[in-house]
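Asks: Provided herewith is a single structure, encoded as structure tokens, for subsequent inquiry.
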Amino acid sequence: MQLKRKLYELGLNVNGSNADVQFVTYAMTDLPTALDNGGVDAIGIHDPVAYNAEKNYDFIKILDIGEDEKFSKEYCCQAYVSQKLITNNPEGAAAYARAIQKAAAFVQACPEEAARLQVENGYMPSESNDDIVRYGEILASLNYEPSVSLGKETFKTSFEDLQKTGDLDPSLNLDEFIKKVYPGIEGVPNSITYDKDSKVFTENKAS
């Protein structure tokens with residue numbers, strides 16, 4: 001989706017019979033091989049897979065959403081719960097949201113420690129301590145500060161762009177989607193910060 005948004009911004013047609021690019025689907029682990037073998041001209045993958053692909057295949061990076069002016073102020077990812085959970089168990093939905101916020105706040109404040117924990121617990125592959133250092137650098141380069149309001153803004157901008165590219169029906173109402181996707185749930189702050197010295201989480205209610 002981000003690549004389509006960027007290509008559209010650059011004046012390329014990304015959908016339909018007259019599209020300037022064709023998108024094909026590969027399994028995540030097969031993407032580096034497909035590019036290396038010439039099966040595709042470019043691939044879109046997330047870190048640390050992208051980092052490992054650059055390291056092992058000497059690929060050229062053409063778009064990094066953590067550095068690009070258009071995307072660096074947005075969130076690359078968002079976490080969601082089902083509408084059913086919100087309706088039937090709002091306390092559970094709120095608890096999940098706060099847990100995600102705390103995890104993100106910890107990564108924002110302690111990217112190196114977060115990278116070490118990921119590797120030690122088997123969530124990330126690592127061949128050497130250099131990989132852990134690089135993972136920490138990747139985490140530090142992204143905005144992990146949790147914010148419901150920034151999440152809304154990212155969703156809004158993406159929604160509008162994808163209507164322009166033709167990936168979303170242009171007749172869909174953005175305000176209705178925002179109300180559904182970002183309902184006010186009691187017990188969920190706008191953001192949470194973490195102080196690594198005092199090891200204290202602080203909730204920010206303002207939105």
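Just so we're on the same page: first chain in the structure tokens is A, next is B, and so on; residues restart at 1 for each chain, and ligands are numbered from 1 in the order they show up.
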Mind running segment 60-141 of chain A against segment 47-54 of chain A at 12 Å and telling me each contacting residue's nearest atom pair with the distance in Å (one decimal), counting only C-alpha atoms, chain and number ascending, as a Markdown table?

Replies:
| residue | atom | partner | partner_atom | distance |
| --- | --- | --- | --- | --- |
| A:Ile60 | CA | A:Glu54 | CA | 7.1 |
| A:Lys61 | CA | A:Glu54 | CA | 7.7 |
| A:Ile62 | CA | A:Glu54 | CA | 11.4 |
| A:Leu63 | CA | A:Ala50 | CA | 11.0 |
| A:Asp64 | CA | A:Ala50 | CA | 9.8 |
| A:Ile65 | CA | A:Asp47 | CA | 10.7 |
| A:Gly66 | CA | A:Asp47 | CA | 10.5 |
| A:Cys76 | CA | A:Asp47 | CA | 11.1 |
| A:Ala115 | CA | A:Pro48 | CA | 10.6 |
| A:Gln118 | CA | A:Pro48 | CA | 11.4 |
| A:Val119 | CA | A:Pro48 | CA | 11.4 |
| A:Tyr123 | CA | A:Pro48 | CA | 10.8 |
| A:Met124 | CA | A:Pro48 | CA | 7.9 |
| A:Pro125 | CA | A:Pro48 | CA | 8.7 |
| A:Ser126 | CA | A:Asn52 | CA | 9.6 |
| A:Glu127 | CA | A:Asn52 | CA | 10.3 |
| A:Asp130 | CA | A:Asn52 | CA | 11.8 |
| A:Asp131 | CA | A:Asn52 | CA | 8.9 |
| A:Ile132 | CA | A:Pro48 | CA | 10.4 |
| A:Val133 | CA | A:Pro48 | CA | 11.9 |
| A:Arg134 | CA | A:Tyr51 | CA | 8.5 |
| A:Tyr135 | CA | A:Pro48 | CA | 7.0 |
| A:Gly136 | CA | A:Pro48 | CA | 10.4 |
| A:Glu137 | CA | A:Pro48 | CA | 10.9 |
| A:Ile138 | CA | A:Asp47 | CA | 7.7 |
| A:Leu139 | CA | A:Asp47 | CA | 9.3 |
| A:Ser141 | CA | A:Asp47 | CA | 11.5 |

Asks: Got time to write the residues from that selection, N, CA, C and O atoms, as an mmCIF file, in the first residue's frame?

Replies:
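What ended up in result-v8.cif:
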data_model
loop_
_atom_site.group_PDB
_atom_site.id
_atom_site.type_symbol
_atom_site.label_atom_id
_atom_site.label_comp_id
_atom_site.auth_asym_id
_atom_site.auth_seq_id
_atom_site.Cartn_x
_atom_site.Cartn_y
_atom_site.Cartn_z
ATOM 1 N N ILE A 60 19.815 -2.792 -3.572
ATOM 2 C CA ILE A 60 19.800 -1.329 -3.487
ATOM 3 C C ILE A 60 18.449 -0.895 -2.926
ATOM 4 O O ILE A 60 17.403 -1.257 -3.466
ATOM 5 N N LYS A 61 18.465 -0.125 -1.857
ATOM 6 C CA LYS A 61 17.231 0.369 -1.240
ATOM 7 C C LYS A 61 16.729 1.587 -2.003
ATOM 8 O O LYS A 61 17.461 2.551 -2.192
ATOM 9 N N ILE A 62 15.467 1.549 -2.447
ATOM 10 C CA ILE A 62 14.909 2.681 -3.191
ATOM 11 C C ILE A 62 13.840 3.437 -2.404
ATOM 12 O O ILE A 62 13.525 4.577 -2.743
ATOM 13 N N LEU A 63 13.278 2.829 -1.376
ATOM 14 C CA LEU A 63 12.285 3.505 -0.549
ATOM 15 C C LEU A 63 12.354 2.953 0.861
ATOM 16 O O LEU A 63 12.250 1.741 1.061
ATOM 17 N N ASP A 64 12.544 3.822 1.809
ATOM 18 C CA ASP A 64 12.526 3.456 3.226
ATOM 19 C C ASP A 64 11.485 4.338 3.890
ATOM 20 O O ASP A 64 11.674 5.558 3.984
ATOM 21 N N ILE A 65 10.373 3.755 4.338
ATOM 22 C CA ILE A 65 9.294 4.581 4.873
ATOM 23 C C ILE A 65 9.666 5.215 6.208
ATOM 24 O O ILE A 65 8.985 6.133 6.662
ATOM 25 N N GLY A 66 10.752 4.739 6.816
ATOM 26 C CA GLY A 66 11.228 5.378 8.033
ATOM 27 C C GLY A 66 12.009 6.651 7.749
ATOM 28 O O GLY A 66 12.191 7.489 8.635
ATOM 29 N N CYS A 76 3.994 3.086 10.403
ATOM 30 C CA CYS A 76 4.083 2.060 9.363
ATOM 31 C C CYS A 76 3.049 0.966 9.597
ATOM 32 O O CYS A 76 2.621 0.293 8.665
ATOM 33 N N ALA A 115 15.511 -4.637 21.039
ATOM 34 C CA ALA A 115 16.123 -5.511 20.036
ATOM 35 C C ALA A 115 16.747 -6.731 20.698
ATOM 36 O O ALA A 115 16.607 -7.862 20.208
ATOM 37 N N GLN A 118 14.050 -9.156 21.754
ATOM 38 C CA GLN A 118 13.472 -9.842 20.604
ATOM 39 C C GLN A 118 14.323 -11.031 20.191
ATOM 40 O O GLN A 118 13.810 -12.120 19.908
ATOM 41 N N VAL A 119 15.631 -10.821 20.140
ATOM 42 C CA VAL A 119 16.538 -11.897 19.738
ATOM 43 C C VAL A 119 16.599 -12.982 20.809
ATOM 44 O O VAL A 119 16.497 -14.179 20.510
ATOM 45 N N TYR A 123 12.237 -14.099 18.678
ATOM 46 C CA TYR A 123 11.341 -13.426 17.738
ATOM 47 C C TYR A 123 12.070 -12.897 16.507
ATOM 48 O O TYR A 123 11.443 -12.610 15.494
ATOM 49 N N MET A 124 13.398 -12.748 16.610
ATOM 50 C CA MET A 124 14.190 -12.213 15.507
ATOM 51 C C MET A 124 15.418 -13.090 15.305
ATOM 52 O O MET A 124 16.053 -13.507 16.285
ATOM 53 N N PRO A 125 15.787 -13.368 14.038
ATOM 54 C CA PRO A 125 17.000 -14.149 13.784
ATOM 55 C C PRO A 125 18.242 -13.298 13.998
ATOM 56 O O PRO A 125 18.221 -12.080 13.773
ATOM 57 N N SER A 126 19.307 -13.914 14.440
ATOM 58 C CA SER A 126 20.546 -13.168 14.651
ATOM 59 C C SER A 126 21.739 -14.082 14.482
ATOM 60 O O SER A 126 21.775 -15.177 15.042
ATOM 61 N N GLU A 127 22.705 -13.636 13.657
ATOM 62 C CA GLU A 127 23.925 -14.401 13.440
ATOM 63 C C GLU A 127 25.067 -13.897 14.314
ATOM 64 O O GLU A 127 26.040 -14.608 14.532
ATOM 65 N N ASP A 130 26.318 -7.992 16.012
ATOM 66 C CA ASP A 130 26.154 -6.876 15.069
ATOM 67 C C ASP A 130 24.710 -6.771 14.601
ATOM 68 O O ASP A 130 24.202 -5.666 14.364
ATOM 69 N N ASP A 131 24.048 -7.926 14.441
ATOM 70 C CA ASP A 131 22.645 -7.916 14.030
ATOM 71 C C ASP A 131 21.778 -7.273 15.111
ATOM 72 O O ASP A 131 20.867 -6.491 14.800
ATOM 73 N N ILE A 132 22.039 -7.580 16.363
ATOM 74 C CA ILE A 132 21.268 -6.995 17.454
ATOM 75 C C ILE A 132 21.449 -5.484 17.476
ATOM 76 O O ILE A 132 20.486 -4.729 17.637
ATOM 77 N N VAL A 133 22.689 -5.035 17.283
ATOM 78 C CA VAL A 133 22.968 -3.600 17.231
ATOM 79 C C VAL A 133 22.196 -2.959 16.092
ATOM 80 O O VAL A 133 21.583 -1.891 16.249
ATOM 81 N N ARG A 134 22.210 -3.602 14.924
ATOM 82 C CA ARG A 134 21.517 -3.046 13.757
ATOM 83 C C ARG A 134 20.004 -3.035 13.977
ATOM 84 O O ARG A 134 19.336 -2.067 13.609
ATOM 85 N N TYR A 135 19.462 -4.095 14.594
ATOM 86 C CA TYR A 135 18.034 -4.122 14.884
ATOM 87 C C TYR A 135 17.660 -2.945 15.795
ATOM 88 O O TYR A 135 16.625 -2.308 15.616
ATOM 89 N N GLY A 136 18.521 -2.683 16.774
ATOM 90 C CA GLY A 136 18.277 -1.543 17.658
ATOM 91 C C GLY A 136 18.289 -0.237 16.900
ATOM 92 O O GLY A 136 17.474 0.655 17.164
ATOM 93 N N GLU A 137 19.190 -0.112 15.935
ATOM 94 C CA GLU A 137 19.263 1.099 15.118
ATOM 95 C C GLU A 137 18.012 1.259 14.260
ATOM 96 O O GLU A 137 17.503 2.369 14.075
ATOM 97 N N ILE A 138 17.515 0.141 13.747
ATOM 98 C CA ILE A 138 16.285 0.182 12.946
ATOM 99 C C ILE A 138 15.114 0.649 13.805
ATOM 100 O O ILE A 138 14.336 1.524 13.403
ATOM 101 N N LEU A 139 14.982 0.074 14.994
ATOM 102 C CA LEU A 139 13.898 0.467 15.894
ATOM 103 C C LEU A 139 14.016 1.941 16.269
ATOM 104 O O LEU A 139 13.020 2.666 16.339
ATOM 105 N N SER A 141 15.205 4.287 14.535
ATOM 106 C CA SER A 141 14.952 5.174 13.393
ATOM 107 C C SER A 141 13.469 5.388 13.131
ATOM 108 O O SER A 141 13.089 6.261 12.347
#

Asks: Using only C-alpha atoms, determine which residues lie at most 9 Å from segment 7-22 of chain A, disregarding the query and same-chain residues fewer than 2 positions distant; provide the list as a PyMOL selection string.

Replies: chain A and resi 2-5+24+161+164-167

Asks: Those selected residues, please, written with N, CA and C atoms and delivered as a PDB file, in the first residue's frame.

Replies:
ATOM      1  N   GLN A   2       1.937   1.250   0.810  1.00  0.00           N
ATOM      2  CA  GLN A   2       2.800   2.431   0.858  1.00  0.00           C
ATOM      3  C   GLN A   2       3.490   2.641  -0.485  1.00  0.00           C
ATOM      4  N   LEU A   3       3.922   1.559  -1.098  1.00  0.00           N
ATOM      5  CA  LEU A   3       4.584   1.677  -2.394  1.00  0.00           C
ATOM      6  C   LEU A   3       3.628   2.216  -3.447  1.00  0.00           C
ATOM      7  N   LYS A   4       2.389   1.753  -3.424  1.00  0.00           N
ATOM      8  CA  LYS A   4       1.402   2.275  -4.370  1.00  0.00           C
ATOM      9  C   LYS A   4       1.189   3.771  -4.153  1.00  0.00           C
ATOM     10  N   ARG A   5       1.108   4.175  -2.900  1.00  0.00           N
ATOM     11  CA  ARG A   5       0.920   5.596  -2.589  1.00  0.00           C
ATOM     12  C   ARG A   5       2.088   6.425  -3.108  1.00  0.00           C
ATOM     13  N   VAL A  24       2.837  -8.574  -8.047  1.00  0.00           N
ATOM     14  CA  VAL A  24       2.661 -10.020  -7.932  1.00  0.00           C
ATOM     15  C   VAL A  24       2.935 -10.418  -6.487  1.00  0.00           C
ATOM     16  N   ASP A 161      -5.405   8.656   0.059  1.00  0.00           N
ATOM     17  CA  ASP A 161      -4.484   8.303  -1.022  1.00  0.00           C
ATOM     18  C   ASP A 161      -4.966   7.068  -1.773  1.00  0.00           C
ATOM     19  N   LYS A 164      -7.568   7.649  -4.247  1.00  0.00           N
ATOM     20  CA  LYS A 164      -7.012   8.236  -5.475  1.00  0.00           C
ATOM     21  C   LYS A 164      -6.383   7.164  -6.368  1.00  0.00           C
ATOM     22  N   THR A 165      -5.709   6.177  -5.753  1.00  0.00           N
ATOM     23  CA  THR A 165      -5.070   5.136  -6.555  1.00  0.00           C
ATOM     24  C   THR A 165      -6.070   4.145  -7.119  1.00  0.00           C
ATOM     25  N   GLY A 166      -7.282   4.120  -6.565  1.00  0.00           N
ATOM     26  CA  GLY A 166      -8.293   3.179  -7.015  1.00  0.00           C
ATOM     27  C   GLY A 166      -8.365   1.916  -6.191  1.00  0.00           C
ATOM     28  N   ASP A 167      -7.588   1.843  -5.094  1.00  0.00           N
ATOM     29  CA  ASP A 167      -7.630   0.659  -4.230  1.00  0.00           C
ATOM     30  C   ASP A 167      -8.838   0.680  -3.301  1.00  0.00           C
TER      31      ASP A 167
END

Asks: So how far away is atom CA of Val81 of chain A from atom CA of Asn190 of chain A, in Å?

Replies: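 A separation of 16.4 Å between them.
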
Asks: Rounded to one decimal place, report the atom CA of Tyr96 of chain A-atom CA of Leu150 of chain A distance in Å.

Replies: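 Rounded to one decimal, the two atoms are 18.3 Å apart.
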
Asks: Which one is closest to Tyr182 of chain A: A:Pro170, A:Gly122, A:Asn129, A:Ala79? Count only C-alpha atoms.

Replies: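 Nearest to Tyr182 of chain A: A:Ala79.
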
Asks: Go through A:Leu35, A:Ile86, A:Ala140, A:Ala94 and flag the residue nearest Pro111 of chain A, using only C-alpha atoms for the distances.

Replies: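 Residue with the minimum atom-to-atom distance to Pro111 of chain A: A:Ala140.
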
Asks: Check chain A with DSSP on the backbone and list each residue it calls helix (DSSP H, G or I), as a PyMOL selection string.

Replies: chain A and resi 2-9+28-36+49-57+83-88+90-109+111-120+129-141+148-165+174-181

Asks: So which residues of chain A fall under strand (DSSP E or B) by DSSP, listed as a ChimeraX atom specification?

Replies: /A:191-195,200-204

Asks: I'd like the interatomic distance between atom CA of Asp68 of chain A and atom CA of Phe106 of chain A, to a tenth of an Å.

Replies: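 Answer for the atom CA of Asp68 of chain A to atom CA of Phe106 of chain A separation: 24.0 Å.
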
Asks: I'd like the contact shell of Asp30 of chain A - 12 Å cut-off, only C-alpha atoms, skipping same-chain residues fewer than 3 positions apart - returned as a PyMOL selection string.

Replies: chain A and resi 25-27+33-37+39-40+43-45+49+53

Asks: Using only C-alpha atoms, please write the residues we just selected to a file, as a PDB file, in the first residue's frame.

Replies:
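Printed below is selection_23.pdb as written:
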ATOM      1  CA  THR A  25       2.467 -11.982  -4.702  1.00  0.00           C
ATOM      2  CA  TYR A  26       5.261 -14.073  -3.249  1.00  0.00           C
ATOM      3  CA  ALA A  27       5.771 -15.665   0.140  1.00  0.00           C
ATOM      4  CA  THR A  33      15.289 -14.849  -4.106  1.00  0.00           C
ATOM      5  CA  ALA A  34      12.724 -13.622  -6.654  1.00  0.00           C
ATOM      6  CA  LEU A  35      14.539 -10.307  -6.949  1.00  0.00           C
ATOM      7  CA  ASP A  36      17.974 -11.918  -7.029  1.00  0.00           C
ATOM      8  CA  ASN A  37      16.873 -14.264  -9.832  1.00  0.00           C
ATOM      9  CA  GLY A  39      11.725 -12.711 -11.391  1.00  0.00           C
ATOM     10  CA  VAL A  40      10.733  -9.191 -10.320  1.00  0.00           C
ATOM     11  CA  ILE A  43      10.270  -6.049  -3.849  1.00  0.00           C
ATOM     12  CA  GLY A  44       8.559  -4.545  -0.821  1.00  0.00           C
ATOM     13  CA  ILE A  45       9.453  -6.081   2.542  1.00  0.00           C
ATOM     14  CA  VAL A  49      13.794  -9.079   6.503  1.00  0.00           C
ATOM     15  CA  ALA A  53      18.172  -9.089   2.312  1.00  0.00           C
TER      16      ALA A  53
END

Asks: Ranking A:Ala105, A:Cys77, A:Leu85, A:Cys110 by minimum distance to Asp197 of chain A and counting only C-alpha atoms, which one comes first?

Replies: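 For Asp197 of chain A, the nearest of the candidates is A:Cys110.
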